[in-house]
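Q: Quick one: the structure is below, and I'll ask about it shortly.
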Amino acid sequence: MIGYLRGKILDAGPDSLLLDVGGVGYQLAIPLSTFSQLDRADRTESVGLFVHTHVRADAIELFGFWTARERSLFALLIGVSGIGPRLARVVLSGMAAEELVRALASENAVQLATIPGIGKKTAQRMVIELKDKVLDLGIDLAGSVAFSPDDDLLAALVNLGYRSGDAEKALAKARRETPDADPEDLLRASLNFLSRV
């Protein structure tokens with residue numbers, strides 16, 4: 001089982017990454033939070049990712065995370081009935097790890113249901129199954145949650161009715177093409193890309 005990989009980025013998108021480790025290319029599915037960190041990384045240097053290896057009867061999938069804490073949270077999420085690895089990745093893309101832990105610990109199912117793909121019943125099941133388990137992750141529940149502008153922009157695009165994956169790709173493209181743009185211009189550029197899809 002693969003638990004950690006270090007190598008050079010060959011290709012990266014909002015939801016996946018191709019990592020060259022000693023001449024072998026590993027394809028990893030990643031949440032938006034990890035992509036955001038990788039986007040800031042120096043592409044000439046090696047990067048390390050914590051990995052969850054998911055084995056199915058017909059495939060082996062690798063999920064990469066910037067922090068061990070995110071990987072631990074991912075493992076807890078896929079233990080919830082009705083949440084598979086792909087939906088767990090979407091959950092971690094739709095809400096920062098610290099905010100997600102606080103929502104679970106405070107039994108805030110309403111906030112959890114705002115994540116794309118999570119309905120009221122699944123949110124309630126997440127609270128019931130994880131509210132005590134997340135306390136072991138060592139996140140300060142009293143602290144404030146720091147939002148990045150991209151989190152707000154992604155939420156705005158999803159609220160406008162765009163699918164999370166499409167919104168992530170459009171926002172990443174807008175960020176690459178106009179790295180110094182303010183949030184309003186990034187939103188406009190993202191909407192422009194989405195209108196062409």
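Just remember, in the structure tokens the first chain shown is A, the second B, etc., residues are 1-based per chain, and ligands are 1-based in the order shown.
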I'd like the neighbourhood of Ser46 (chain A) as a PDB file with C-alpha atoms, in the first residue's frame, where a residue qualifies if any of its atoms comes within 9 Å (using only C-alpha atoms), though same-chain residues fewer than 5 positions away should be ignored.

A:
ATOM      1  CA  ARG A   6       7.695  12.484  -3.384  1.00  0.00           C
ATOM      2  CA  GLY A   7       8.479  13.531  -6.932  1.00  0.00           C
ATOM      3  CA  LYS A   8       8.192  16.188  -9.610  1.00  0.00           C
ATOM      4  CA  ILE A   9       4.891  17.425 -10.984  1.00  0.00           C
TER       5      ILE A   9
END

Q: Write out as a PyMOL selection string each polymer residue whose atoms come within 12 Å of region 187-189 of chain A, counting only C-alpha atoms; drop sequence neighbours fewer than 2 positions from it.

A: chain A and resi 149-158+160+167-179+181-185+191-196

Q: If DSSP is run on the backbone, what residues of region 14-156 of chain A are strand (DSSP E)? A reply as a list in words would be ideal.

A: Ser16, Leu17, Leu18, Leu19, Asp20, Val21, Val24, Gly25, Tyr26, Gln27, Leu28, Ala29, Val47, Gly48, Leu49, Phe50, Val51, His52, Thr53, His54, Val55, Ile60, Glu61, Leu62, Phe63, Gly64 and Phe65 of chain A

Q: For the residues in that selection, give me N, CA and C atoms as a JSON list (two decimals), in the first residue's frame.

A:
[["chain", "number", "residue", "atom", "x", "y", "z"],
["A", 16, "SER", "N", -6.77, 16.38, -10.27],
["A", 16, "SER", "CA", -5.83, 15.26, -10.44],
["A", 16, "SER", "C", -4.42, 15.77, -10.67],
["A", 17, "LEU", "N", -3.48, 14.85, -10.49],
["A", 17, "LEU", "CA", -2.06, 15.20, -10.55],
["A", 17, "LEU", "C", -1.29, 14.01, -11.10],
["A", 18, "LEU", "N", -0.31, 14.31, -11.96],
["A", 18, "LEU", "CA", 0.60, 13.27, -12.45],
["A", 18, "LEU", "C", 1.96, 13.58, -11.85],
["A", 19, "LEU", "N", 2.45, 12.66, -11.02],
["A", 19, "LEU", "CA", 3.68, 12.87, -10.27],
["A", 19, "LEU", "C", 4.75, 11.88, -10.74],
["A", 20, "ASP", "N", 5.92, 12.41, -11.14],
["A", 20, "ASP", "CA", 7.04, 11.57, -11.57],
["A", 20, "ASP", "C", 7.88, 11.22, -10.36],
["A", 21, "VAL", "N", 7.86, 9.95, -9.99],
["A", 21, "VAL", "CA", 8.64, 9.45, -8.86],
["A", 21, "VAL", "C", 9.67, 8.46, -9.40],
["A", 24, "VAL", "N", 8.72, 6.90, -12.74],
["A", 24, "VAL", "CA", 7.39, 6.28, -12.80],
["A", 24, "VAL", "C", 6.34, 7.37, -12.54],
["A", 25, "GLY", "N", 5.35, 7.47, -13.42],
["A", 25, "GLY", "CA", 4.31, 8.48, -13.27],
["A", 25, "GLY", "C", 3.13, 7.94, -12.49],
["A", 26, "TYR", "N", 2.83, 8.57, -11.37],
["A", 26, "TYR", "CA", 1.67, 8.17, -10.55],
["A", 26, "TYR", "C", 0.55, 9.18, -10.75],
["A", 27, "GLN", "N", -0.63, 8.69, -11.12],
["A", 27, "GLN", "CA", -1.82, 9.54, -11.27],
["A", 27, "GLN", "C", -2.57, 9.54, -9.94],
["A", 28, "LEU", "N", -2.75, 10.74, -9.37],
["A", 28, "LEU", "CA", -3.44, 10.86, -8.08],
["A", 28, "LEU", "C", -4.64, 11.78, -8.23],
["A", 29, "ALA", "N", -5.75, 11.39, -7.63],
["A", 29, "ALA", "CA", -6.89, 12.30, -7.50],
["A", 29, "ALA", "C", -6.63, 13.18, -6.28],
["A", 47, "VAL", "N", 7.90, 17.62, -4.78],
["A", 47, "VAL", "CA", 6.86, 17.85, -3.78],
["A", 47, "VAL", "C", 6.48, 16.50, -3.18],
["A", 48, "GLY", "N", 6.06, 16.51, -1.93],
["A", 48, "GLY", "CA", 5.64, 15.29, -1.26],
["A", 48, "GLY", "C", 4.15, 15.33, -0.95],
["A", 49, "LEU", "N", 3.49, 14.21, -1.16],
["A", 49, "LEU", "CA", 2.05, 14.11, -0.88],
["A", 49, "LEU", "C", 1.77, 12.87, -0.04],
["A", 50, "PHE", "N", 0.86, 13.02, 0.91],
["A", 50, "PHE", "CA", 0.36, 11.88, 1.66],
["A", 50, "PHE", "C", -0.68, 11.19, 0.79],
["A", 51, "VAL", "N", -0.63, 9.89, 0.76],
["A", 51, "VAL", "CA", -1.45, 9.14, -0.21],
["A", 51, "VAL", "C", -2.37, 8.15, 0.49],
["A", 52, "HIS", "N", -3.60, 8.08, 0.01],
["A", 52, "HIS", "CA", -4.53, 7.03, 0.42],
["A", 52, "HIS", "C", -4.69, 6.11, -0.79],
["A", 53, "THR", "N", -4.39, 4.83, -0.62],
["A", 53, "THR", "CA", -4.54, 3.85, -1.69],
["A", 53, "THR", "C", -5.89, 3.17, -1.54],
["A", 54, "HIS", "N", -6.73, 3.32, -2.55],
["A", 54, "HIS", "CA", -8.07, 2.73, -2.51],
["A", 54, "HIS", "C", -8.12, 1.57, -3.51],
["A", 55, "VAL", "N", -8.33, 0.36, -2.99],
["A", 55, "VAL", "CA", -8.34, -0.84, -3.82],
["A", 55, "VAL", "C", -9.77, -1.30, -4.04],
["A", 60, "ILE", "N", -7.15, 0.16, -8.86],
["A", 60, "ILE", "CA", -6.46, 0.72, -7.69],
["A", 60, "ILE", "C", -6.41, 2.23, -7.94],
["A", 61, "GLU", "N", -6.93, 3.00, -7.01],
["A", 61, "GLU", "CA", -6.94, 4.46, -7.14],
["A", 61, "GLU", "C", -6.08, 5.08, -6.04],
["A", 62, "LEU", "N", -5.34, 6.11, -6.40],
["A", 62, "LEU", "CA", -4.51, 6.84, -5.45],
["A", 62, "LEU", "C", -5.08, 8.23, -5.25],
["A", 63, "PHE", "N", -5.22, 8.63, -3.99],
["A", 63, "PHE", "CA", -5.71, 9.97, -3.63],
["A", 63, "PHE", "C", -4.60, 10.68, -2.87],
["A", 64, "GLY", "N", -4.22, 11.87, -3.34],
["A", 64, "GLY", "CA", -3.11, 12.60, -2.75],
["A", 64, "GLY", "C", -3.57, 13.80, -1.94],
["A", 65, "PHE", "N", -2.84, 14.08, -0.85],
["A", 65, "PHE", "CA", -3.19, 15.17, 0.06],
["A", 65, "PHE", "C", -1.94, 15.92, 0.49]]

Q: If we count only C-alpha atoms, what is near Val91 (chain A) at a cut-off of 10 Å, once residues fewer than 5 positions away on the same chain are taken out, given as a CSV table (one decimal) with N, CA and C atoms, in the first residue's frame?

A:
chain,number,residue,atom,x,y,z
A,31,PRO,N,-7.9,16.8,-3.8
A,31,PRO,CA,-9.0,17.8,-3.5
A,31,PRO,C,-8.5,19.2,-4.0
A,32,LEU,N,-9.4,20.2,-4.1
A,32,LEU,CA,-9.0,21.5,-4.5
A,32,LEU,C,-8.0,22.2,-3.5
A,74,PHE,N,-10.1,12.3,5.2
A,74,PHE,CA,-10.6,11.5,4.0
A,74,PHE,C,-10.9,10.1,4.4
A,77,LEU,N,-14.1,10.0,6.3
A,77,LEU,CA,-15.2,10.3,5.4
A,77,LEU,C,-15.6,9.1,4.6
A,83,ILE,N,-20.7,7.4,1.4
A,83,ILE,CA,-19.7,8.3,0.9
A,83,ILE,C,-18.5,7.4,0.4
A,85,PRO,N,-14.9,7.3,-2.1
A,85,PRO,CA,-13.7,8.2,-2.2
A,85,PRO,C,-13.9,9.4,-3.1
A,86,ARG,N,-14.6,9.3,-4.2
A,86,ARG,CA,-14.8,10.4,-5.1
A,86,ARG,C,-15.6,11.5,-4.4
A,96,ALA,N,-13.0,23.7,3.8
A,96,ALA,CA,-11.6,23.5,4.4
A,96,ALA,C,-11.7,22.5,5.5
A,97,ALA,N,-10.6,21.8,5.7
A,97,ALA,CA,-10.6,20.7,6.7
A,97,ALA,C,-11.0,21.2,8.1
A,100,LEU,N,-14.7,21.9,8.2
A,100,LEU,CA,-15.4,20.6,8.1
A,100,LEU,C,-15.4,20.0,9.5
A,112,LEU,N,-23.1,21.4,6.5
A,112,LEU,CA,-22.5,20.3,5.7
A,112,LEU,C,-23.4,20.0,4.5
A,114,THR,N,-24.6,22.1,2.5
A,114,THR,CA,-24.3,23.1,1.5
A,114,THR,C,-23.1,22.6,0.6
A,115,ILE,N,-22.4,21.5,0.9
A,115,ILE,CA,-21.4,21.0,0.1
A,115,ILE,C,-22.0,20.2,-1.1
A,116,PRO,N,-21.6,20.5,-2.3
A,116,PRO,CA,-22.1,19.8,-3.5
A,116,PRO,C,-22.1,18.3,-3.3
A,117,GLY,N,-23.2,17.7,-3.6
A,117,GLY,CA,-23.3,16.2,-3.5
A,117,GLY,C,-23.7,15.6,-2.2
A,118,ILE,N,-23.7,16.5,-1.2
A,118,ILE,CA,-24.1,16.1,0.2
A,118,ILE,C,-25.5,16.6,0.5

Q: Check the smallest atom-to-atom distance from each of A:Ile78, A:Leu104, A:Ile30, A:Ala88 to Val127 (chain A) using only C-alpha atoms, then report the winner.

A: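 So, comparing all the options, the nearest one is A:Leu104.
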
Q: What is the distance between CA of Arg163 (chain A) and CA of Ala75 (chain A), in Å to one decimal?

A: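 We find that CA of Arg163 (chain A) and CA of Ala75 (chain A) lie 24.1 Å from each other.
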
Q: Identify which of the residues A:Glu98, A:Glu70, A:Asp136, A:Asp39 lies closest to Gly13 (chain A), counting only C-alpha atoms when measuring atom-to-atom distances.

A: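 Looking at the shortest contact to Gly13 (chain A), the residue is A:Asp39.
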
Q: I'd like to know which of A:Ala68, A:Ala41, A:Ala57, A:Val134 is closest to Val101 (chain A), using only C-alpha atoms.

A: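 When distances to Val101 (chain A) are compared using only C-alpha atoms, the smallest one comes from A:Val134.
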
Q: Determine the nearest neighbour of Leu87 (chain A) from the options A:Gly165, A:Gly22, A:Pro14, A:Gly3, counting only C-alpha atoms.

A: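 Checking each of A:Gly165, A:Gly22, A:Pro14, A:Gly3 against Leu87 (chain A), counting only C-alpha atoms, the winner is A:Gly165.
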
Q: Please report the interatomic distance between CA of Asp166 (chain A) and CA of Val90 (chain A) in Å with one decimal.

A: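 Computed distance, CA of Asp166 (chain A) to CA of Val90 (chain A), equals 12.1 Å.
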
Q: Please determine, counting only C-alpha atoms, which residue among A:Leu73, A:Tyr4, A:Lys120, A:Gly82 has the shortest atom-to-atom distance to Glu99 (chain A).

A: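 Counting only C-alpha atoms, the residue closest to Glu99 (chain A) is A:Leu73.
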